[in-house]
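Student: Contents are PDB, C-alpha atoms, pLDDT in the B column; file name protein-v7.pdb:
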```pdb
ATOM      1  CA  MET A   1      10.985  26.126 -40.539  1.00 64.00           C
ATOM      2  CA  GLU A   2      14.484  25.980 -41.920  1.00 77.00           C
ATOM      3  CA  SER A   3      15.653  23.364 -44.396  1.00 89.00           C
ATOM      4  CA  ALA A   4      17.053  20.204 -42.822  1.00 91.00           C
ATOM      5  CA  TRP A   5      19.318  19.832 -45.851  1.00 89.00           C
ATOM      6  CA  LYS A   6      20.800  23.271 -45.299  1.00 93.00           C
ATOM      7  CA  ALA A   7      21.184  22.540 -41.588  1.00 93.00           C
ATOM      8  CA  ILE A   8      23.311  19.438 -42.213  1.00 92.00           C
ATOM      9  CA  SER A   9      25.525  21.239 -44.722  1.00 92.00           C
ATOM     10  CA  ASP A  10      27.700  22.345 -41.790  1.00 95.00           C
ATOM     11  CA  SER A  11      30.154  19.746 -40.436  1.00 94.00           C
ATOM     12  CA  SER A  12      29.790  20.988 -36.839  1.00 96.00           C
ATOM     13  CA  ARG A  13      26.027  20.484 -36.959  1.00 96.00           C
ATOM     14  CA  ARG A  14      26.499  17.007 -38.395  1.00 95.00           C
ATOM     15  CA  LYS A  15      28.841  16.218 -35.504  1.00 97.00           C
ATOM     16  CA  ILE A  16      26.226  17.488 -33.036  1.00 97.00           C
ATOM     17  CA  LEU A  17      23.632  15.189 -34.623  1.00 96.00           C
ATOM     18  CA  VAL A  18      25.969  12.207 -34.267  1.00 95.00           C
ATOM     19  CA  MET A  19      26.555  13.051 -30.598  1.00 97.00           C
ATOM     20  CA  LEU A  20      22.821  13.422 -29.960  1.00 97.00           C
ATOM     21  CA  LYS A  21      22.220  10.066 -31.614  1.00 95.00           C
ATOM     22  CA  GLU A  22      24.118   8.509 -28.717  1.00 95.00           C
ATOM     23  CA  LYS A  23      22.488  10.423 -25.840  1.00 96.00           C
ATOM     24  CA  GLU A  24      20.618  13.541 -24.798  1.00 97.00           C
ATOM     25  CA  MET A  25      22.946  16.448 -24.008  1.00 97.00           C
ATOM     26  CA  THR A  26      22.969  19.979 -22.640  1.00 97.00           C
ATOM     27  CA  PRO A  27      24.598  22.818 -24.576  1.00 96.00           C
ATOM     28  CA  THR A  28      27.475  22.778 -22.078  1.00 95.00           C
ATOM     29  CA  GLU A  29      28.115  19.075 -22.734  1.00 96.00           C
ATOM     30  CA  ILE A  30      27.984  19.697 -26.477  1.00 97.00           C
ATOM     31  CA  SER A  31      30.365  22.667 -26.283  1.00 96.00           C
ATOM     32  CA  LYS A  32      33.094  20.499 -24.720  1.00 95.00           C
ATOM     33  CA  HIS A  33      33.534  18.819 -28.109  1.00 95.00           C
ATOM     34  CA  PHE A  34      34.175  22.067 -29.993  1.00 95.00           C
ATOM     35  CA  GLN A  35      36.578  24.994 -29.983  1.00 93.00           C
ATOM     36  CA  PHE A  36      33.898  27.665 -30.308  1.00 90.00           C
ATOM     37  CA  THR A  37      31.890  29.744 -27.848  1.00 94.00           C
ATOM     38  CA  MET A  38      28.605  28.898 -26.135  1.00 95.00           C
ATOM     39  CA  PRO A  39      26.768  31.491 -28.260  1.00 96.00           C
ATOM     40  CA  ALA A  40      28.058  29.702 -31.357  1.00 96.00           C
ATOM     41  CA  VAL A  41      26.812  26.361 -29.980  1.00 97.00           C
ATOM     42  CA  SER A  42      23.451  28.003 -29.339  1.00 96.00           C
ATOM     43  CA  VAL A  43      23.274  29.188 -32.955  1.00 97.00           C
ATOM     44  CA  HIS A  44      23.965  25.669 -34.238  1.00 97.00           C
ATOM     45  CA  LEU A  45      21.350  24.198 -31.884  1.00 97.00           C
ATOM     46  CA  ARG A  46      18.776  26.798 -32.941  1.00 97.00           C
ATOM     47  CA  ILE A  47      19.339  25.970 -36.619  1.00 97.00           C
ATOM     48  CA  LEU A  48      19.005  22.236 -35.934  1.00 97.00           C
ATOM     49  CA  ARG A  49      15.887  22.801 -33.813  1.00 97.00           C
ATOM     50  CA  ASN A  50      14.279  25.099 -36.408  1.00 96.00           C
ATOM     51  CA  SER A  51      14.884  22.476 -39.087  1.00 96.00           C
ATOM     52  CA  ASP A  52      13.158  19.851 -36.888  1.00 96.00           C
ATOM     53  CA  LEU A  53      16.289  17.689 -36.637  1.00 97.00           C
ATOM     54  CA  ILE A  54      16.505  17.886 -32.845  1.00 97.00           C
ATOM     55  CA  TYR A  55      14.146  18.244 -29.904  1.00 97.00           C
ATOM     56  CA  GLU A  56      14.586  20.605 -26.996  1.00 97.00           C
ATOM     57  CA  LYS A  57      13.092  20.103 -23.573  1.00 97.00           C
ATOM     58  CA  LYS A  58      13.469  22.257 -20.503  1.00 96.00           C
ATOM     59  CA  ILE A  59      14.144  20.680 -17.131  1.00 94.00           C
ATOM     60  CA  GLY A  60      14.381  23.426 -14.557  1.00 94.00           C
ATOM     61  CA  LYS A  61      16.923  25.910 -15.871  1.00 93.00           C
ATOM     62  CA  ASN A  62      18.541  23.348 -18.172  1.00 94.00           C
ATOM     63  CA  ARG A  63      17.785  22.700 -21.803  1.00 96.00           C
ATOM     64  CA  ILE A  64      18.255  19.129 -22.949  1.00 98.00           C
ATOM     65  CA  TYR A  65      18.653  18.293 -26.632  1.00 98.00           C
ATOM     66  CA  SER A  66      17.973  15.002 -28.393  1.00 98.00           C
ATOM     67  CA  LEU A  67      17.887  13.746 -31.960  1.00 97.00           C
ATOM     68  CA  ASN A  68      14.565  13.703 -33.799  1.00 97.00           C
ATOM     69  CA  LYS A  69      14.911  10.134 -35.006  1.00 95.00           C
ATOM     70  CA  GLU A  70      11.843  10.293 -37.263  1.00 95.00           C
ATOM     71  CA  LYS A  71      13.269  13.239 -39.209  1.00 93.00           C
ATOM     72  CA  ALA A  72      16.708  11.584 -39.369  1.00 91.00           C
ATOM     73  CA  LEU A  73      15.085   8.395 -40.704  1.00 89.00           C
ATOM     74  CA  GLU A  74      13.187  10.408 -43.306  1.00 89.00           C
ATOM     75  CA  MET A  75      16.457  11.857 -44.578  1.00 88.00           C
ATOM     76  CA  MET A  76      18.174   8.459 -44.522  1.00 84.00           C
ATOM     77  CA  ASN A  77      15.308   6.974 -46.546  1.00 82.00           C
ATOM     78  CA  PHE A  78      15.785   9.671 -49.155  1.00 80.00           C
ATOM     79  CA  PHE A  79      19.404   8.595 -49.637  1.00 74.00           C
ATOM     80  CA  ALA A  80      18.462   4.920 -49.490  1.00 74.00           C
ATOM     81  CA  GLY A  81      16.068   5.602 -52.368  1.00 73.00           C
ATOM     82  CA  LEU A  82      18.884   7.156 -54.372  1.00 69.00           C
ATOM     83  CA  TRP A  83      21.156   4.228 -53.603  1.00 68.00           C
ATOM     84  CA  ASP A  84      18.447   1.734 -54.583  1.00 67.00           C
ATOM     85  CA  TYR A  85      17.903   3.552 -57.867  1.00 64.00           C
ATOM     86  CA  ASN A  86      21.623   3.472 -58.637  1.00 66.00           C
ATOM     87  CA  LEU A  87      21.853  -0.249 -57.855  1.00 64.00           C
ATOM     88  CA  LYS A  88      18.897  -0.993 -60.144  1.00 71.00           C
ATOM     89  CA  SER A  89      20.481   1.105 -62.885  1.00 72.00           C
ATOM     90  CA  LEU A  90      23.793  -0.720 -62.486  1.00 64.00           C
ATOM     91  CA  LYS A  91      22.032  -4.087 -62.604  1.00 72.00           C
ATOM     92  CA  GLU A  92      20.200  -3.129 -65.811  1.00 75.00           C
ATOM     93  CA  PHE A  93      23.427  -1.844 -67.356  1.00 71.00           C
ATOM     94  CA  LEU A  94      25.294  -5.059 -66.551  1.00 72.00           C
ATOM     95  CA  GLU A  95      22.456  -7.222 -67.821  1.00 76.00           C
ATOM     96  CA  ASN A  96      22.375  -5.218 -71.068  1.00 78.00           C
ATOM     97  CA  GLN A  97      26.146  -5.674 -71.417  1.00 72.00           C
ATOM     98  CA  LYS A  98      25.737  -9.454 -71.102  1.00 69.00           C
ATOM     99  CA  VAL A  99      23.018  -9.473 -73.761  1.00 69.00           C
ATOM    100  CA  ALA A 100      25.114  -7.294 -76.091  1.00 70.00           C
ATOM    101  CA  LYS A 101      28.098  -9.672 -75.832  1.00 66.00           C
ATOM    102  CA  LYS A 102      26.041 -12.711 -76.851  1.00 61.00           C
TER     103      LYS A 102
END
```
Written as structure tokens, how would this file's structure read?
Tutor:
Amino acid sequence: MESAWKAISDSSRRKILVMLKEKEMTPTEISKHFQFTMPAVSVHLRILRNSDLIYEKKIGKNRIYSLNKEKALEMMNFFAGLWDYNLKSLKEFLENQKVAKK
């Protein structure tokens, strides 16, 4: 399994994730939003799939991709934890500044 963090380091893959958040899409539908070839789209989708950020299902000859919302939520919670820590640190800093001024 590839790293989800490495997978989202590319702006095109982040754009694909945003598109898949809205609806399931085929590679052809995804490629209409980019200026690169279908093989390049396939590489991006493979990286996202191998990092568990998207699901792939086959319907007949078509492959349909969708966002793995659980994995996306896991990553969002990581950043929310960082944000929460920073807010707590800021609050403590400001409270200490008030005490120091008295």
Student: Run the PyMOL selection byres ((chain A and resi 54-69) around 9) on the file and write out the hits as a PyMOL selection string.
Tutor: chain A and resi 17-27+45+48-53+70-74
Student: Quick one: everything within 12 Å of Ala40 of chain A, counting all atoms listed in the file, minus sequence neighbours fewer than 4 positions away in the same chain. Send it as number ranges by chain.
Tutor: A: 12-13, 27-28, 30-31, 34-36, 44-47
Student: What's the separation between atom CA of Ser11 of chain A and atom CA of Gly81 of chain A, in Å to one decimal place?
Tutor: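 According to the coordinates, atom CA of Ser11 of chain A and atom CA of Gly81 of chain A are separated by 23.3 Å.
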Student: Take atom CA of Val43 of chain A and atom CA of Phe79 of chain A and report the distance between them in Å, one decimal.
Tutor: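 According to the coordinates, atom CA of Val43 of chain A and atom CA of Phe79 of chain A are separated by 26.8 Å.
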Student: Take atom CA of Glu95 of chain A and atom CA of Asn77 of chain A and report the distance between them in Å, one decimal.
Tutor: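 It comes out at 26.6 Å.
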Student: Using all atoms listed in the file, which residue out of A:Pro39, A:Glu29, A:Asn96, A:Met76 lies closest to Trp5 of chain A?
Tutor: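 Of all the options, A:Met76 lies closest to Trp5 of chain A.
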